[in-house]
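> For reference, the file work_28.cif (mmCIF, C-alpha atoms and all ligand atoms) is included below:
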data_protein
#
loop_
_atom_site.label_atom_id
_atom_site.label_comp_id
_atom_site.auth_asym_id
_atom_site.auth_seq_id
_atom_site.Cartn_x
_atom_site.Cartn_y
_atom_site.Cartn_z
CA MET A 1 0.00 0.00 0.00
CA GLY A 2 1.45 3.37 -1.00
CA SER A 3 1.19 6.09 1.61
CA THR A 4 -1.10 8.09 -0.71
CA ASP A 5 -3.62 5.28 -1.36
CA THR A 6 -6.97 6.13 0.14
CA ILE A 7 -8.05 3.83 2.96
CA SER A 8 -11.80 3.31 3.03
CA PHE A 9 -13.90 2.62 6.12
CA ALA A 10 -16.88 3.69 4.01
CA ARG A 11 -18.22 0.59 2.29
CA GLY A 12 -20.06 -2.26 3.97
CA ALA A 13 -18.50 -4.86 1.70
CA PRO A 14 -15.89 -7.60 2.17
CA SER A 15 -12.39 -7.15 0.80
CA LEU A 16 -11.59 -9.46 -2.13
CA ASP A 17 -9.12 -11.55 -0.11
CA ILE A 18 -11.98 -12.99 1.99
CA VAL A 19 -14.21 -13.92 -0.95
CA ALA A 20 -14.10 -17.68 -1.68
CA VAL A 21 -13.32 -17.26 -5.39
CA ASP A 22 -12.18 -20.85 -6.02
CA ASP A 23 -15.17 -22.39 -4.24
CA LEU A 24 -17.50 -20.07 -6.20
CA ARG A 25 -15.88 -21.09 -9.48
CA ALA A 26 -16.29 -24.78 -8.58
CA ALA A 27 -19.91 -24.21 -7.49
CA ALA A 28 -20.67 -22.47 -10.80
CA ASP A 29 -19.09 -25.34 -12.71
CA ARG A 30 -21.19 -27.94 -10.91
CA ALA A 31 -24.40 -25.88 -11.11
CA PHE A 32 -23.99 -25.39 -14.86
CA SER A 33 -23.25 -29.03 -15.59
CA GLU A 34 -25.73 -30.61 -13.16
CA ASP A 35 -28.75 -28.34 -13.72
CA PRO A 36 -28.27 -26.31 -16.90
CA ALA A 37 -32.03 -26.12 -17.52
CA GLY A 38 -32.63 -24.68 -14.06
CA ALA A 39 -29.72 -22.26 -14.16
CA PHE A 40 -30.21 -20.90 -17.68
CA SER A 41 -33.96 -20.54 -17.98
CA TYR A 42 -36.24 -17.83 -16.59
CA GLY A 43 -37.53 -19.87 -13.66
CA ASN A 44 -40.21 -18.14 -11.61
CA ALA A 45 -40.44 -15.14 -9.31
CA TRP A 46 -40.13 -17.21 -6.11
CA GLY A 47 -36.53 -18.01 -7.01
CA TYR A 48 -34.46 -21.14 -7.69
CA GLY A 49 -36.12 -24.14 -6.03
CA PRO A 50 -33.06 -25.88 -4.54
CA LEU A 51 -31.87 -22.61 -3.01
CA ARG A 52 -35.27 -21.93 -1.45
CA GLU A 53 -35.20 -25.46 -0.01
CA TRP A 54 -31.74 -24.95 1.47
CA ILE A 55 -32.74 -21.63 3.05
CA ALA A 56 -35.96 -23.17 4.42
CA GLU A 57 -34.00 -25.97 6.07
CA ARG A 58 -31.38 -23.61 7.51
CA GLN A 59 -34.06 -21.26 8.90
CA GLU A 60 -36.39 -24.12 9.95
CA VAL A 61 -39.41 -22.86 8.01
CA ASP A 62 -41.54 -24.28 5.18
CA THR A 63 -40.24 -23.67 1.67
CA ASN A 64 -43.49 -21.91 0.69
CA ARG A 65 -42.50 -19.09 3.08
CA VAL A 66 -39.21 -18.36 1.25
CA LEU A 67 -38.90 -15.91 -1.65
CA ALA A 68 -35.38 -15.50 -3.07
CA THR A 69 -34.58 -12.08 -4.56
CA ASN A 70 -31.76 -10.16 -6.26
CA GLY A 71 -30.08 -9.08 -3.00
CA SER A 72 -32.03 -8.41 0.18
CA LEU A 73 -32.46 -4.72 -0.65
CA GLN A 74 -34.83 -5.84 -3.39
CA ALA A 75 -36.71 -7.88 -0.78
CA ASP A 76 -36.92 -4.82 1.49
CA ASP A 77 -38.15 -2.67 -1.37
CA PHE A 78 -40.85 -5.17 -2.42
CA LEU A 79 -42.10 -5.42 1.15
CA PHE A 80 -42.16 -1.67 1.70
CA ARG A 81 -43.91 -0.98 -1.60
CA HIS A 82 -46.45 -3.70 -0.95
CA LEU A 83 -47.32 -2.81 2.64
CA VAL A 84 -46.66 0.90 3.03
CA SER A 85 -48.52 3.75 1.33
CA SER A 86 -47.86 7.47 1.46
CA GLY A 87 -48.75 8.80 4.92
CA ASP A 88 -48.55 5.39 6.67
CA LEU A 89 -46.59 5.33 9.91
CA VAL A 90 -43.41 3.19 9.94
CA VAL A 91 -41.10 2.66 12.92
CA VAL A 92 -37.38 3.00 12.17
CA GLU A 93 -34.39 2.84 14.45
CA ALA A 94 -32.22 5.92 15.02
CA PRO A 95 -29.66 5.53 13.56
CA THR A 96 -30.58 3.09 10.78
CA TYR A 97 -29.41 1.84 7.38
CA ASP A 98 -29.42 4.87 5.05
CA ARG A 99 -31.07 3.00 2.16
CA THR A 100 -34.01 2.06 4.39
CA LEU A 101 -34.58 5.73 5.13
CA LEU A 102 -34.36 6.56 1.43
CA ALA A 103 -36.77 3.81 0.35
CA LEU A 104 -39.35 4.75 2.98
CA ARG A 105 -39.04 8.45 2.23
CA ASN A 106 -39.56 7.78 -1.50
CA ILE A 107 -42.83 6.05 -0.66
CA GLY A 108 -43.87 9.05 1.48
CA ALA A 109 -44.05 7.08 4.74
CA ASP A 110 -44.39 8.96 7.99
CA LEU A 111 -41.38 7.86 10.09
CA LEU A 112 -41.49 7.26 13.84
CA THR A 113 -37.84 7.17 14.92
CA ILE A 114 -36.93 5.27 18.07
CA PRO A 115 -33.39 5.54 19.49
CA LEU A 116 -30.99 2.63 19.71
CA GLU A 117 -29.33 1.56 22.95
CA ALA A 118 -26.32 -0.72 23.41
CA ASP A 119 -28.69 -3.76 23.30
CA GLY A 120 -30.83 -2.55 20.42
CA ILE A 121 -33.91 -0.37 19.97
CA ASP A 122 -35.37 1.34 23.06
CA VAL A 123 -38.42 -0.93 23.31
CA GLY A 124 -39.78 1.09 26.25
CA ALA A 125 -39.94 4.21 24.04
CA LEU A 126 -41.71 2.25 21.29
CA GLU A 127 -44.18 0.81 23.79
CA ALA A 128 -44.91 4.28 25.16
CA ALA A 129 -45.56 5.61 21.63
CA LEU A 130 -47.91 2.69 20.92
CA GLU A 131 -49.75 3.27 24.18
CA GLU A 132 -50.15 6.93 23.27
CA GLY A 133 -51.93 5.87 20.10
CA ALA A 134 -49.23 5.45 17.41
CA ARG A 135 -50.48 2.90 14.83
CA PRO A 136 -47.54 1.81 12.67
CA LYS A 137 -48.01 -0.46 9.67
CA LEU A 138 -44.51 -1.81 10.04
CA ALA A 139 -41.40 -1.62 12.24
CA HIS A 140 -38.01 -2.04 10.58
CA ILE A 141 -35.46 -3.63 12.91
CA ILE A 142 -31.87 -4.64 12.14
CA SER A 143 -31.45 -7.27 14.82
CA SER A 144 -27.83 -8.47 14.54
CA PHE A 145 -24.63 -6.41 14.32
CA HIS A 146 -26.51 -3.33 13.31
CA ASN A 147 -25.74 -1.20 10.28
CA PRO A 148 -24.52 1.40 11.21
CA ALA A 149 -24.51 1.01 15.01
CA GLY A 150 -22.80 -2.41 15.39
CA CYS A 151 -25.10 -3.38 18.31
CA THR A 152 -27.25 -6.53 18.63
CA LEU A 153 -30.81 -6.72 19.90
CA SER A 154 -31.04 -8.64 23.21
CA LEU A 155 -33.25 -11.72 23.58
CA GLU A 156 -35.44 -9.94 26.10
CA LYS A 157 -36.08 -7.07 23.68
CA ARG A 158 -36.74 -9.52 20.83
CA ARG A 159 -39.46 -11.17 22.91
CA ARG A 160 -41.00 -7.82 23.83
CA LEU A 161 -41.02 -6.65 20.20
CA VAL A 162 -42.67 -9.84 18.97
CA ASP A 163 -45.29 -9.40 21.69
CA LEU A 164 -45.87 -5.72 20.78
CA ALA A 165 -46.25 -6.59 17.09
CA GLU A 166 -48.91 -9.15 17.97
CA ARG A 167 -50.77 -6.89 20.43
CA HIS A 168 -50.73 -3.81 18.19
CA ASP A 169 -50.96 -5.75 14.93
CA PHE A 170 -48.06 -4.37 12.90
CA VAL A 171 -45.52 -6.16 10.73
CA LEU A 172 -42.20 -6.62 12.49
CA PHE A 173 -39.64 -6.56 9.70
CA GLU A 174 -36.43 -8.25 10.84
CA ASP A 175 -33.66 -7.16 8.46
CA ASP A 176 -30.83 -9.55 9.28
CA PRO A 177 -28.04 -9.75 6.68
CA TYR A 178 -25.24 -10.02 9.29
CA VAL A 179 -26.73 -12.78 11.48
CA GLU A 180 -24.16 -15.46 10.54
CA LEU A 181 -21.21 -13.20 11.34
CA ARG A 182 -20.94 -13.46 15.11
CA PHE A 183 -17.26 -13.80 16.10
CA GLU A 184 -17.76 -13.32 19.85
CA GLY A 185 -20.49 -14.05 22.42
CA GLU A 186 -23.60 -16.23 22.21
CA ASP A 187 -26.09 -16.54 19.34
CA VAL A 188 -29.52 -15.01 19.98
CA PRO A 189 -32.66 -16.55 18.40
CA THR A 190 -34.19 -14.57 15.55
CA MET A 191 -37.54 -12.86 16.08
CA LEU A 192 -38.71 -15.00 13.16
CA SER A 193 -38.15 -18.10 15.30
CA LEU A 194 -39.90 -16.53 18.33
CA ASP A 195 -42.99 -15.43 16.39
CA GLN A 196 -46.11 -17.58 16.85
CA SER A 197 -48.63 -15.28 15.16
CA ASP A 198 -47.17 -14.51 11.71
CA HIS A 199 -46.28 -10.91 12.48
CA VAL A 200 -42.58 -11.22 11.60
CA VAL A 201 -41.25 -10.91 8.06
CA TYR A 202 -37.56 -11.74 7.83
CA ALA A 203 -34.91 -10.75 5.27
CA SER A 204 -31.34 -11.94 4.94
CA SER A 205 -28.63 -12.09 2.32
CA PHE A 206 -25.61 -13.86 0.89
CA SER A 207 -23.88 -10.51 0.25
CA LYS A 208 -22.03 -10.51 3.55
CA THR A 209 -21.19 -14.23 3.76
CA VAL A 210 -20.46 -15.06 0.09
CA CYS A 211 -20.07 -11.81 -1.88
CA PRO A 212 -22.25 -8.80 -2.71
CA GLY A 213 -21.73 -9.11 -6.49
CA ILE A 214 -23.72 -12.34 -6.61
CA ARG A 215 -26.86 -10.31 -5.62
CA VAL A 216 -28.79 -13.02 -3.80
CA GLY A 217 -30.99 -12.33 -0.80
CA TYR A 218 -34.32 -13.57 0.50
CA LEU A 219 -37.54 -12.84 2.33
CA ILE A 220 -39.38 -15.20 4.70
CA GLY A 221 -42.96 -14.58 5.73
CA PRO A 222 -46.54 -15.84 5.71
CA PRO A 223 -47.18 -17.75 2.44
CA ASP A 224 -50.09 -15.52 1.35
CA LEU A 225 -48.03 -12.36 1.76
CA MET A 226 -45.07 -13.97 0.00
CA GLY A 227 -47.41 -14.94 -2.86
CA GLU A 228 -48.50 -11.31 -3.24
CA ILE A 229 -44.88 -10.20 -3.28
CA ALA A 230 -44.00 -12.93 -5.81
CA ALA A 231 -46.70 -11.43 -8.06
CA MET A 232 -45.00 -8.01 -7.74
CA ALA A 233 -41.66 -9.65 -8.51
CA THR A 234 -43.10 -11.24 -11.67
CA THR A 235 -44.17 -7.88 -13.04
CA THR A 236 -40.84 -6.33 -12.01
CA TYR A 237 -38.38 -8.85 -13.46
CA ILE A 238 -40.17 -12.13 -14.35
CA SER A 239 -37.70 -13.96 -12.14
CA PRO A 240 -34.52 -13.15 -10.21
CA SER A 241 -31.16 -14.28 -11.61
CA MET A 242 -31.33 -18.08 -11.79
CA VAL A 243 -27.63 -18.23 -12.71
CA SER A 244 -26.67 -16.48 -9.46
CA GLN A 245 -29.10 -18.47 -7.36
CA ALA A 246 -28.02 -21.80 -8.85
CA ILE A 247 -24.39 -20.96 -8.01
CA VAL A 248 -25.31 -19.97 -4.44
CA ALA A 249 -27.45 -23.12 -4.03
CA GLU A 250 -24.52 -25.30 -5.04
CA PHE A 251 -22.13 -23.27 -2.85
CA CYS A 252 -24.46 -23.85 0.11
CA ARG A 253 -25.27 -27.51 -0.49
CA SER A 254 -21.59 -28.41 -0.86
CA GLY A 255 -20.71 -26.89 2.53
CA ALA A 256 -18.53 -24.16 0.98
CA ILE A 257 -20.79 -21.58 2.66
CA ASP A 258 -19.72 -22.72 6.12
CA ARG A 259 -16.03 -22.46 5.22
CA SER A 260 -16.66 -19.03 3.75
CA ILE A 261 -18.45 -17.87 6.91
CA GLU A 262 -15.52 -19.08 9.04
CA THR A 263 -13.02 -17.21 6.82
CA VAL A 264 -15.06 -14.00 6.94
CA LYS A 265 -15.59 -14.21 10.71
CA ALA A 266 -11.91 -14.82 11.44
CA ALA A 267 -10.94 -11.81 9.31
CA LEU A 268 -13.64 -9.61 10.86
CA ARG A 269 -12.56 -10.47 14.40
CA LYS A 270 -8.98 -9.53 13.62
CA ARG A 271 -10.07 -6.32 11.90
CA ARG A 272 -12.38 -5.39 14.78
CA ASP A 273 -9.56 -6.00 17.28
CA THR A 274 -7.14 -3.90 15.26
CA LEU A 275 -9.68 -1.10 14.89
CA VAL A 276 -10.51 -1.02 18.62
CA ASP A 277 -6.80 -1.01 19.47
CA ALA A 278 -6.01 1.72 16.92
CA LEU A 279 -8.88 3.92 18.16
CA GLY A 280 -7.58 3.55 21.71
CA ARG A 281 -4.10 4.65 20.67
CA HIS A 282 -4.79 7.32 18.03
CA LEU A 283 -8.23 8.65 19.06
CA PRO A 284 -8.58 7.98 22.79
CA GLY A 285 -11.49 10.46 23.08
CA ALA A 286 -13.74 8.42 20.73
CA ARG A 287 -16.52 6.39 22.41
CA PHE A 288 -18.04 3.23 20.97
CA VAL A 289 -19.57 -0.17 21.74
CA SER A 290 -17.21 -2.89 20.50
CA PRO A 291 -19.24 -5.04 18.05
CA GLU A 292 -19.45 -8.82 18.61
CA GLY A 293 -19.86 -9.52 14.91
CA GLY A 294 -20.71 -7.96 11.57
CA TYR A 295 -19.04 -5.20 9.62
CA PHE A 296 -19.48 -1.92 11.51
CA LEU A 297 -18.34 0.16 14.44
CA TRP A 298 -20.21 3.36 15.33
CA ALA A 299 -17.87 5.89 16.89
CA GLU A 300 -18.87 9.00 18.81
CA LEU A 301 -16.21 11.57 18.09
CA PRO A 302 -14.06 13.38 20.64
CA ASP A 303 -14.34 17.04 21.67
CA GLY A 304 -17.51 17.99 19.81
CA THR A 305 -15.99 17.14 16.40
CA ASP A 306 -18.62 17.61 13.67
CA SER A 307 -18.80 14.46 11.53
CA ARG A 308 -19.83 16.39 8.39
CA ALA A 309 -16.67 18.52 8.56
CA LEU A 310 -14.69 15.42 9.55
CA GLN A 311 -15.82 13.45 6.48
CA ASP A 312 -14.36 16.18 4.24
CA ALA A 313 -11.18 16.57 6.33
CA ALA A 314 -10.76 12.78 6.34
CA ASP A 315 -11.00 12.73 2.53
CA GLU A 316 -8.17 15.26 2.42
CA HIS A 317 -6.10 13.03 4.73
CA GLY A 318 -6.64 9.96 2.52
CA VAL A 319 -9.24 8.11 4.60
CA LYS A 320 -12.95 7.61 3.98
CA ILE A 321 -15.64 7.43 6.64
CA ILE A 322 -19.41 7.97 6.57
CA LYS A 323 -20.76 10.84 8.65
CA GLY A 324 -23.36 9.93 11.24
CA THR A 325 -25.97 12.32 9.81
CA ASP A 326 -26.47 9.99 6.81
CA PHE A 327 -28.12 7.43 9.08
CA LEU A 328 -30.56 9.68 10.92
CA ILE A 329 -33.34 12.08 10.09
CA GLU A 330 -32.05 14.37 12.83
CA GLY A 331 -28.77 14.22 14.76
CA GLY A 332 -25.65 12.14 14.20
CA GLU A 333 -23.36 15.20 13.90
CA ASP A 334 -21.13 13.81 16.64
CA ALA A 335 -20.67 10.28 15.23
CA CYS A 336 -19.43 8.36 12.24
CA ARG A 337 -19.66 4.81 10.88
CA LEU A 338 -16.46 2.85 10.42
CA ALA A 339 -16.78 -0.31 8.28
CA TYR A 340 -13.89 -2.69 9.01
CA SER A 341 -14.99 -5.37 6.49
CA GLY A 342 -13.09 -4.06 3.50
CA VAL A 343 -9.75 -3.11 5.07
CA THR A 344 -6.79 -5.23 6.14
CA PRO A 345 -5.29 -4.81 9.63
CA ASP A 346 -2.27 -2.79 8.42
CA GLN A 347 -4.60 -0.43 6.54
CA ILE A 348 -6.76 -0.08 9.65
CA ASP A 349 -3.97 1.22 11.85
CA GLU A 350 -2.77 3.68 9.20
CA GLY A 351 -6.38 4.72 8.45
CA VAL A 352 -7.17 5.52 12.08
CA SER A 353 -3.93 7.46 12.41
CA ARG A 354 -5.01 9.55 9.36
CA LEU A 355 -8.46 10.00 10.88
CA ALA A 356 -6.87 11.24 14.11
CA ALA A 357 -4.82 13.73 12.05
CA ALA A 358 -8.05 14.90 10.37
CA VAL A 359 -9.72 15.40 13.79
CA GLU A 360 -6.63 17.27 14.96
CA SER A 361 -6.73 19.52 11.85
CA LEU A 362 -10.35 20.49 12.66
CA ASN A 363 -9.62 21.15 16.31
CA GLY A 364 -6.55 23.17 15.32
CA ALA A 365 -8.70 25.23 12.94
CA LYS A 366 -11.30 25.80 15.75
CA ALA A 367 -8.57 26.99 18.16
C1 LIG A 401 -29.27 -3.64 7.13
C2 LIG A 401 -29.11 -3.94 5.68
N1 LIG A 401 -30.15 -4.36 4.98
C3 LIG A 401 -30.06 -4.65 3.67
C4 LIG A 401 -28.85 -4.53 2.99
C5 LIG A 401 -28.82 -4.86 1.53
O1 LIG A 401 -28.05 -5.97 1.27
P1 LIG A 401 -28.05 -6.76 -0.11
O2 LIG A 401 -26.66 -6.70 -0.63
O3 LIG A 401 -28.48 -8.15 0.26
O4 LIG A 401 -29.03 -6.10 -1.05
C6 LIG A 401 -27.72 -4.09 3.69
C7 LIG A 401 -26.44 -3.90 2.98
O5 LIG A 401 -25.52 -3.27 3.42
C8 LIG A 401 -27.85 -3.79 5.07
O6 LIG A 401 -26.80 -3.36 5.79
#
Just give me the structure as structure tokens.

Amino acid sequence: MGSTDTISFARGAPSLDIVAVDDLRAAADRAFSEDPAGAFSYGNAWGYGPLREWIAERQEVDTNRVLATNGSLQADDFLFRHLVSSGDLVVVEAPTYDRTLLALRNIGADLLTIPLEADGIDVGALEAALEEGARPKLAHIISSFHNPAGCTLSLEKRRRLVDLAERHDFVLFEDDPYVELRFEGEDVPTMLSLDQSDHVVYASSFSKTVCPGIRVGYLIGPPDLMGEIAAMATTTYISPSMVSQAIVAEFCRSGAIDRSIETVKAALRKRRDTLVDALGRHLPGARFVSPEGGYFLWAELPDGTDSRALQDAADEHGVKIIKGTDFLIEGGEDACRLAYSGVTPDQIDEGVSRLAAAVESLNGAKA
């Protein structure tokens, strides 16, 4: 790495060295020779059958609840467009995934923002809003290794949310692309698995465990609702990419997925450790919750540093971050998101040292 190369903590994507290229090539080879008719034809809007079956088994649900899409963002978008109309109330976390905010704003949804705590959304605040009469159509919750906050929703809060969704009759949308990437601590059951009354719709993805370029994600929910969304999918694209889904199905069935997950988790743990250590040394005033998995660390900046000014100063110092304000309707000036998925440990240390120099340059300018 040359000293002038930009180091990016901006993108929630894996670096190429942790993508299982050889296993993907072998999976493509087998998929194309063993099921050419399935891989190369249109298929239908529900997705490639063997992949849906594998997902259903892994998630312990019936196959008729699984709809495979071109990335999980497509699944999110279908669900939002199907269930939410302009003026409908939707619960979102603060902060939350910037593309969720964009999609819901484009529909014209009325957003009820509920703050995040170290163990996930402030369920007490949501409950109070519901008791005061709020009637959301849907609540969007990123349950594991939050984007951008890095936190994970506790079991107790998962139970309370499932209960609230049932009592107040709203769809609890569990957006969970990072669930397989725990490198520390104990697994927590999904809200999908806790739900007894069909109020949870679940989305996940192969972007973070295999690679984002393959564009395969999925939605799990009540069969009738999934059927309505499959009808939307048919008019949108006839069917998702069968070539991609056949490759992923073969990658999963052969066990390559589990090796890939282990590789990604080992790299993420090392990168998280290096990032936490580098922040302690170069930016001791930054405050954060150390993530137990996933791709992101949310850092509150030292000494009233404004993240919008910092993003620009960081660019000038050869390091990319995302300012906190991108993930909130209001607030976030004092925080930024650092993605450690796409950077190697030596880049991380150098990147944080550049970020500290950028903070210093702003504080120097203030003084
Ligand atoms: C919370 C969340 N939901 C959905 C997505 C979309 O992922 P995909 O690549 O499966 O479309 C992302 C990607 O970063 C994400 O962080």
> Rank nothing, just name the residue among A:Ile141, A:Ala134, A:Leu301, A:Val123 nearest to ligand LIG 401 (chain A), using all atoms listed in the file.
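Checking each candidate against ligand LIG 401 (chain A), we get A:Ile141 as the closest.
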> Do you know which residues lie at most 12 Å from (-20.3, -22.4, -7.9), with coordinates as in the file and all atoms listed in the file counted, and could you write them as a ChimeraX atom specification?
/A:20-35,39,210,214,243-257
> Using all atoms listed in the file, what residues lie at most 10 Å away from (-33.4, -9.3, 12.8) (file coordinates), given as a list in words?
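Residues with an atom close enough to that point: His140, Ile141, Ile142, Ser143, Ser144, Phe145, His146, Thr152, Leu153, Arg158, Leu172, Phe173, Glu174, Asp175, Asp176, Pro177, Tyr178, Val179, Val188, Pro189, Thr190, Met191, Leu192, Val200, Val201, Tyr202, Ala203 and Ser204 of chain A.
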> Restricting the calculation to all atoms listed in the file: of A:Leu51, A:Val19, A:Val216, A:Ala56, which residue gets closest to ligand LIG 401 (chain A)?
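Smallest separation from ligand LIG 401 (chain A) among the options: A:Val216.
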> Output the neighbourhood of ligand LIG 401 (chain A) as a count of residues only, that is, all protein and nucleic acid residues with some atom at most 8 Å from the ligand, counting only C-alpha atoms and all ligand atoms.
32
> To test the calculation: enclose all listed atoms of range 75-78 of chain A in a box whose edges run along x, y and z, add 6 Å on each side, then state centre and edge lengths in Å to one decimal, as AutoDock Vina command-line options.

--center_x -38.8 --center_y -5.3 --center_z -0.5 --size_x 16.1 --size_y 17.2 --size_z 15.9
> Give me the residues of range 219-319 of chain A that have any atom at most 12 Å from an atom of range 326-338 of chain A; for each, the nearest atom pair and the distance in Å, rounded to one decimal. Use all atoms listed in the file, sort by chain and number, and format it as a Markdown table.

| residue | atom | partner | partner_atom | distance |
| --- | --- | --- | --- | --- |
| A:Arg271 | CA | A:Leu338 | CA | 11.3 |
| A:Arg272 | CA | A:Leu338 | CA | 10.2 |
| A:Leu275 | CA | A:Leu338 | CA | 9.0 |
| A:Val276 | CA | A:Leu338 | CA | 10.8 |
| A:Leu279 | CA | A:Leu338 | CA | 10.9 |
| A:Ala286 | CA | A:Ala335 | CA | 9.0 |
| A:Arg287 | CA | A:Ala335 | CA | 9.2 |
| A:Phe288 | CA | A:Ala335 | CA | 9.5 |
| A:Val289 | CA | A:Arg337 | CA | 11.9 |
| A:Ser290 | CA | A:Leu338 | CA | 11.6 |
| A:Pro291 | CA | A:Leu338 | CA | 11.3 |
| A:Gly294 | CA | A:Leu338 | CA | 11.7 |
| A:Tyr295 | CA | A:Leu338 | CA | 8.5 |
| A:Phe296 | CA | A:Leu338 | CA | 5.7 |
| A:Leu297 | CA | A:Leu338 | CA | 5.2 |
| A:Trp298 | CA | A:Arg337 | CA | 4.7 |
| A:Ala299 | CA | A:Ala335 | CA | 5.5 |
| A:Glu300 | CA | A:Ala335 | CA | 4.2 |
| A:Leu301 | CA | A:Ala335 | CA | 5.5 |
| A:Pro302 | CA | A:Asp334 | CA | 8.1 |
| A:Asp303 | CA | A:Asp334 | CA | 9.0 |
| A:Gly304 | CA | A:Asp334 | CA | 6.4 |
| A:Thr305 | CA | A:Asp334 | CA | 6.1 |
| A:Asp306 | CA | A:Glu333 | CA | 5.3 |
| A:Ser307 | CA | A:Glu333 | CA | 5.2 |
| A:Arg308 | CA | A:Glu333 | CA | 6.7 |
| A:Ala309 | CA | A:Glu333 | CA | 9.2 |
| A:Leu310 | CA | A:Cys336 | CA | 8.9 |
| A:Gln311 | CA | A:Cys336 | CA | 8.5 |
| A:Ala314 | CA | A:Cys336 | CA | 11.4 |
| A:Val319 | CA | A:Leu338 | CA | 10.7 |
> With distances taken over only C-alpha atoms, which of A:Val343, A:Val61, A:Ile321, A:Ala68 is nearest to Ser241 in chain A?
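Using only C-alpha atoms, Ser241 in chain A sits closest to A:Ala68.
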> Could you pull the residues within 7 Å of range 106-112 of chain A, counting all atoms listed in the file, minus those fewer than 6 positions along the same chain, as a ChimeraX atom specification?
/A:84-92
> For Leu164 in chain A, please output as an MDAnalysis selection string all residues within 10 Å (counting all atoms listed in the file; exclusion window: fewer than 3 positions along the same chain).
chainID A and resid 123 126:127 130 158:161 167:170 172 199
> Work out how far CA of Asp277 in chain A is from CA of Gln347 in chain A, in Å to one decimal.
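Rounded to one decimal, the two atoms are 13.1 Å apart.
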> Can you measure CA of Gly227 in chain A to CA of Gln196 in chain A for me? One decimal in Å is fine.
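Interatomic distance here is 19.9 Å.
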> Counting only C-alpha atoms, which of A:Val171, A:Leu116, A:Ala10, A:Leu155 gets nearest to Pro222 in chain A?
A:Val171
> Using only C-alpha atoms, which of A:Ile322, A:Ala357, A:Ala139, A:Leu283 sits nearest Leu104 in chain A?
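Closest to Leu104 in chain A, using only C-alpha atoms: A:Ala139.
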> Between A:Ala339, A:Leu219, A:Ala129, A:Ala94, which is the closest to Ile114 in chain A once you count all atoms listed in the file?
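That would be A:Ala94, the residue with the smallest distance to Ile114 in chain A.
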> Interatomic distance between CA of Val162 in chain A and CA of Glu93 in chain A?
15.8 Å
